[in-house]
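S.K.: Sharing a structure below in structure tokens format, with a few things to ask.
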Amino acid sequence: MNKSKIVHILLFVLGCALSLFYLSPMFILVNNSFKSLKEIYLNVLALPSKMGFVNYTTALEKLNYTESFMNSLAITVAAVILLIVISSMAAWVMVRYKTKTSTMLFMFFTSALLIPFQCVMLPLVRFMDKLSFMNRPGLVFMYIGFGGSMSLLLFHGFIKNIPEELDEAASIDGARPFQIYSMIILPLLKPIAVTVAILNTMWIWNDFLLPSLMINKPGWQTLPLKTYLFFGQFSKRWDLATAGLIMVILPVIIFYLICQKHIVKSITDGAIK
Amino acid sequence: MKKSKLTFWLFVLPLLIPFLMVVIWPAVNGIYYSLTDWNGIGKDANFIGLSNYVKILTSDAGFFSAFRFTAIFSAVCIVIINLMGFCLALLVTQKLKGVTFMRGAFFVPNLIGGVLLGFIWQFIFIQGFEAIGKLTGISGFSGWLSDTKTASIGLVIVVVWQLSGYMMLIYVAQLQSIPQSLTEAAQIDGASALRRLMSITLPLMRPAFTIGIFLTLSHTFKLYDQNLTLTDGDPYGSTEMLALNIYNTAFDFDRFGEAQAKAVIFLIIVVIISSIQLYFGKKKEVEM
């Protein structure tokens, strides 16, 4: 009895120590974001001599924070909403139509999950350039193409467990296919739609390579892209860099705190697929 | 419901069109471009047969060293990340105070994008480690990213920091699916904690380990962002991974055809790895 209590305390101490260790890069970052560059070079581990937000205001300005944030937000939200609607529509008919075409098409979508981005990257840039798709709506279009397979797979697995009798009952009552989808099926998809939304949000919000290839107009840059360019511009300005990094990480931390439960569920759901 | 073909296509096309345009058409095109001397995004490409492949496989030392580094890096990461993930999962499934906070602390790095991860750790390795070195007098802490060995260790640290919490979540889900009655029964029979772990928990965790190992592999093998922003392949290209090598071949040297051939080789490797995964996944199911 006594021995298990000691083990319990030891595990608790270990857990706390490890958590602090995992968070230590953040602490160091926050700590230095209040210092002047000179102070940072002097000693990274020391506390700031005075609290000031100069680094933050400068970093926000250099990052064009509001603009980059809004670009990221608009692209992510648009792509995620469209992905949910479009891929759940496709998944629904692919589950309900038990034809050869339907099965083949589903396999076609899912096997494409294997293709690494590097494999399509160069021809894609050329093709999108020709179509004048190298802009924000174009990016949304591309995210639908790249995210479609995974979203389809998740919706497909979920819709399989919705009894077809529901569709048929509505059909007898005179509902047309789109009405059945939008009024009967779509409301039932909420749990899996949350998973699809979170997985795609985490991916699109953080994606760097695609915007870096497609966006060459300053006003259209997303947050990860802008951060990358900001670092290139101020490579040794750690005072601005630390403050900038904190500001870019902040939305993600807030997102986690708000959607903690859903995120954990989505991650495990997505992994099993 | 009357199942008309028209309805089917009307529902499928909105997804199929972007998919064909963004994934399939460029992929098919990519195979063609890998057989050409394509040397600029907007430029014409002439068919040159398998020359690119021959060149890569016979005289491209950079590609081979990138491949070797990627393979070793992935292997090391798989072991450390899954071991860490499993231990963290065991820890946070204990009845301890503050486990929710601990889970959050371990998992949050996973939400941060790769580009930021690289920059955060650049600061820690360059400035933070320097300070620790000064404080402790150990010279090994300075110049962490300018030494071949420590730079690769640095990359491992970043990815472990990012992915171990992710694996933790997957293992927590599996641990929680193990019926408590099993472990309790063993406890009543006098099995020690270690014994219960070895004989009950670990065997039941096998499917999750397969998932965890291949998820880690697919993350580390295709790693790009962290590689770019932490080391950018430096020092002397020693930490350049496959994805970065492909990118640089195209955009630094304007050898698009050659980069595309590398990408096709990359695809073949990924397909082989995935087939192995599928084989193992199936085999496990039969055994269970």
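Just remember, in the structure tokens the first chain shown is A, the second B, etc., residues are 1-based per chain, and ligands are 1-based in the order shown.
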Once you count only C-alpha atoms, what closest atom pair and distance in Å to one decimal does each residue of chain B within 7 Å of chain A have, with rows by chain and rising residue number, as CSV?

M.R.:
residue,atom,partner,partner_atom,distance
B:Met1,CA,A:Ser171,CA,5.3
B:Phe8,CA,A:Val93,CA,5.9
B:Phe11,CA,A:Ala90,CA,5.3
B:Val12,CA,A:Ala90,CA,4.5
B:Pro14,CA,A:Ile86,CA,6.1
B:Leu15,CA,A:Ile86,CA,5.8
B:Pro18,CA,A:Gly145,CA,4.6
B:Phe19,CA,A:Gly145,CA,4.0
B:Val22,CA,A:Gly145,CA,5.5
B:Val23,CA,A:Val120,CA,6.6
B:Pro26,CA,A:Pro123,CA,5.1
B:Ala27,CA,A:Val120,CA,4.9
B:Asn29,CA,A:Pro123,CA,6.4
B:Gly30,CA,A:Pro123,CA,5.8
B:Ile41,CA,A:Arg126,CA,5.6
B:Gly42,CA,A:Arg126,CA,6.4
B:Leu91,CA,A:Gly15,CA,7.0
B:Leu96,CA,A:Phe12,CA,6.2
B:Met102,CA,A:Ser19,CA,5.5
B:Ala105,CA,A:Ser19,CA,5.4
B:Phe106,CA,A:Tyr22,CA,6.2
B:Leu111,CA,A:Val252,CA,6.6
B:Ile112,CA,A:Ile249,CA,6.6
B:Gly113,CA,A:Asn206,CA,4.6
B:Val115,CA,A:Pro224,CA,6.7
B:Ile124,CA,A:Pro25,CA,6.7
B:Gln127,CA,A:Val44,CA,6.5
B:Gly128,CA,A:Val44,CA,5.9
B:Ala131,CA,A:Val44,CA,6.1
B:Leu169,CA,A:Thr268,CA,6.8
B:Ile170,CA,A:Thr268,CA,5.5
B:Ala173,CA,A:Thr268,CA,6.9
B:Ala243,CA,A:Gln118,CA,6.7
B:Gln260,CA,A:Cys119,CA,6.8
B:Ala263,CA,A:Cys119,CA,4.8
B:Val264,CA,A:Cys119,CA,6.1
B:Leu267,CA,A:Ile115,CA,6.3
B:Val271,CA,A:Leu114,CA,6.7

S.K.: Write the residues you've just listed into a file as a compact mmCIF listing (two decimals), in the first residue's frame, and include N, CA, C and O atoms for each of them.

M.R.:
# COMPACT_ATOMS: atom_id res chain seq x y z
N MET B 1 -35.13 4.80 -53.46
CA MET B 1 -34.74 5.98 -54.24
C MET B 1 -34.39 5.55 -55.66
O MET B 1 -33.68 4.57 -55.85
N PHE B 8 -25.79 10.40 -59.77
CA PHE B 8 -24.48 9.94 -59.30
C PHE B 8 -23.38 10.90 -59.72
O PHE B 8 -22.61 11.39 -58.90
N PHE B 11 -23.33 14.37 -58.12
CA PHE B 11 -22.82 14.40 -56.75
C PHE B 11 -21.31 14.15 -56.69
O PHE B 11 -20.65 14.58 -55.76
N VAL B 12 -20.80 13.43 -57.67
CA VAL B 12 -19.37 13.07 -57.62
C VAL B 12 -18.48 14.13 -58.28
O VAL B 12 -17.39 14.42 -57.80
N PRO B 14 -18.22 17.44 -58.45
CA PRO B 14 -17.57 18.56 -57.75
C PRO B 14 -16.27 18.15 -57.04
O PRO B 14 -15.38 18.97 -56.86
N LEU B 15 -16.19 16.90 -56.63
CA LEU B 15 -14.96 16.42 -56.00
C LEU B 15 -14.00 15.86 -57.04
O LEU B 15 -12.78 16.04 -56.96
N PRO B 18 -11.73 18.76 -59.27
CA PRO B 18 -10.47 19.24 -58.68
C PRO B 18 -9.45 18.12 -58.46
O PRO B 18 -8.25 18.32 -58.67
N PHE B 19 -9.93 16.95 -58.09
CA PHE B 19 -9.03 15.82 -57.86
C PHE B 19 -8.27 15.45 -59.14
O PHE B 19 -7.05 15.30 -59.12
N VAL B 22 -5.83 18.45 -60.02
CA VAL B 22 -4.78 18.80 -59.08
C VAL B 22 -3.85 17.61 -58.78
O VAL B 22 -2.66 17.77 -58.58
N VAL B 23 -4.41 16.40 -58.77
CA VAL B 23 -3.59 15.25 -58.42
C VAL B 23 -3.26 14.37 -59.63
O VAL B 23 -2.10 14.15 -59.96
N PRO B 26 -1.50 16.19 -63.05
CA PRO B 26 -0.09 16.47 -62.80
C PRO B 26 0.75 15.20 -62.55
O PRO B 26 1.90 15.14 -62.98
N ALA B 27 0.15 14.18 -61.92
CA ALA B 27 0.91 12.96 -61.67
C ALA B 27 1.25 12.26 -62.98
O ALA B 27 2.39 11.85 -63.20
N ASN B 29 1.29 13.66 -65.96
CA ASN B 29 2.23 14.56 -66.62
C ASN B 29 3.63 14.41 -66.07
O ASN B 29 4.61 14.48 -66.80
N GLY B 30 3.70 14.24 -64.75
CA GLY B 30 4.99 14.13 -64.07
C GLY B 30 5.81 12.97 -64.59
O GLY B 30 7.02 13.08 -64.77
N ILE B 41 9.88 26.20 -65.39
CA ILE B 41 8.44 26.02 -65.29
C ILE B 41 7.71 26.25 -66.61
O ILE B 41 6.95 25.42 -67.07
N GLY B 42 7.97 27.38 -67.24
CA GLY B 42 7.21 27.72 -68.43
C GLY B 42 7.85 27.23 -69.73
O GLY B 42 7.32 27.47 -70.81
N LEU B 91 1.99 6.86 -19.01
CA LEU B 91 2.03 7.86 -17.94
C LEU B 91 0.69 8.59 -17.80
O LEU B 91 0.16 8.72 -16.70
N LEU B 96 -3.49 10.11 -12.16
CA LEU B 96 -2.66 11.15 -11.55
C LEU B 96 -3.40 12.49 -11.61
O LEU B 96 -4.26 12.68 -12.46
N MET B 102 -0.87 17.52 -18.64
CA MET B 102 0.29 16.80 -19.20
C MET B 102 0.04 16.41 -20.65
O MET B 102 0.88 16.62 -21.51
N ALA B 105 0.43 19.36 -22.81
CA ALA B 105 1.83 19.76 -22.95
C ALA B 105 2.54 18.87 -23.96
O ALA B 105 3.32 19.34 -24.78
N PHE B 106 2.26 17.56 -23.90
CA PHE B 106 2.95 16.64 -24.81
C PHE B 106 2.42 16.74 -26.23
O PHE B 106 3.13 16.51 -27.19
N LEU B 111 0.54 20.50 -33.10
CA LEU B 111 -0.36 21.42 -33.80
C LEU B 111 0.40 22.53 -34.52
O LEU B 111 -0.14 23.21 -35.37
N ILE B 112 1.65 22.71 -34.12
CA ILE B 112 2.44 23.80 -34.69
C ILE B 112 2.99 23.36 -36.05
O ILE B 112 3.49 22.25 -36.19
N GLY B 113 2.87 24.22 -37.02
CA GLY B 113 3.32 23.88 -38.37
C GLY B 113 4.82 23.65 -38.46
O GLY B 113 5.60 24.19 -37.68
N VAL B 115 7.16 24.63 -40.49
CA VAL B 115 8.02 25.79 -40.71
C VAL B 115 8.35 26.45 -39.36
O VAL B 115 9.50 26.79 -39.08
N ILE B 124 16.42 27.79 -30.19
CA ILE B 124 16.86 27.01 -29.04
C ILE B 124 18.26 26.47 -29.27
O ILE B 124 19.13 26.58 -28.40
N GLN B 127 20.79 29.94 -29.95
CA GLN B 127 20.94 30.84 -28.80
C GLN B 127 20.86 30.10 -27.46
O GLN B 127 21.67 30.30 -26.58
N GLY B 128 19.84 29.25 -27.33
CA GLY B 128 19.60 28.58 -26.05
C GLY B 128 20.74 27.65 -25.66
O GLY B 128 21.25 27.71 -24.54
N ALA B 131 23.84 29.36 -24.55
CA ALA B 131 23.75 29.86 -23.17
C ALA B 131 23.97 28.72 -22.17
O ALA B 131 24.66 28.90 -21.16
N LEU B 169 -1.35 10.01 -28.25
CA LEU B 169 -2.81 9.99 -28.37
C LEU B 169 -3.31 8.68 -28.96
O LEU B 169 -4.31 8.12 -28.51
N ILE B 170 -2.61 8.20 -29.96
CA ILE B 170 -3.02 6.94 -30.60
C ILE B 170 -2.89 5.78 -29.62
O ILE B 170 -3.78 4.93 -29.50
N ALA B 173 -5.62 5.87 -26.90
CA ALA B 173 -6.90 5.33 -27.38
C ALA B 173 -6.89 3.81 -27.30
O ALA B 173 -7.86 3.18 -26.86
N ALA B 243 12.91 15.00 -49.91
CA ALA B 243 11.98 16.01 -50.40
C ALA B 243 12.69 17.33 -50.70
O ALA B 243 12.43 17.98 -51.71
N GLN B 260 11.90 15.74 -61.41
CA GLN B 260 10.69 14.96 -61.59
C GLN B 260 11.00 13.46 -61.60
O GLN B 260 10.26 12.66 -61.03
N ALA B 263 11.38 12.46 -58.17
CA ALA B 263 10.08 12.36 -57.51
C ALA B 263 9.40 11.04 -57.85
O ALA B 263 8.74 10.44 -57.00
N VAL B 264 9.58 10.59 -59.09
CA VAL B 264 8.98 9.30 -59.47
C VAL B 264 9.65 8.16 -58.70
O VAL B 264 8.98 7.25 -58.18
N LEU B 267 8.22 8.21 -55.35
CA LEU B 267 6.89 7.58 -55.35
C LEU B 267 7.02 6.06 -55.28
O LEU B 267 6.31 5.40 -54.51
N VAL B 271 5.45 3.66 -52.48
CA VAL B 271 4.51 2.57 -52.79
C VAL B 271 5.01 1.24 -52.21
O VAL B 271 4.24 0.47 -51.63

S.K.: What does the structure give for the distance between CA of Val77 (chain A) and CA of Met247 (chain A), in Å to one decimal?

M.R.: 19.9 Å

S.K.: Can you work out the spacing between CA of Lys217 (chain A) and CA of Ser72 (chain A) in Å, to one decimal?

M.R.: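 About the pair CA of Lys217 (chain A) and CA of Ser72 (chain A): they are 14.2 Å apart.
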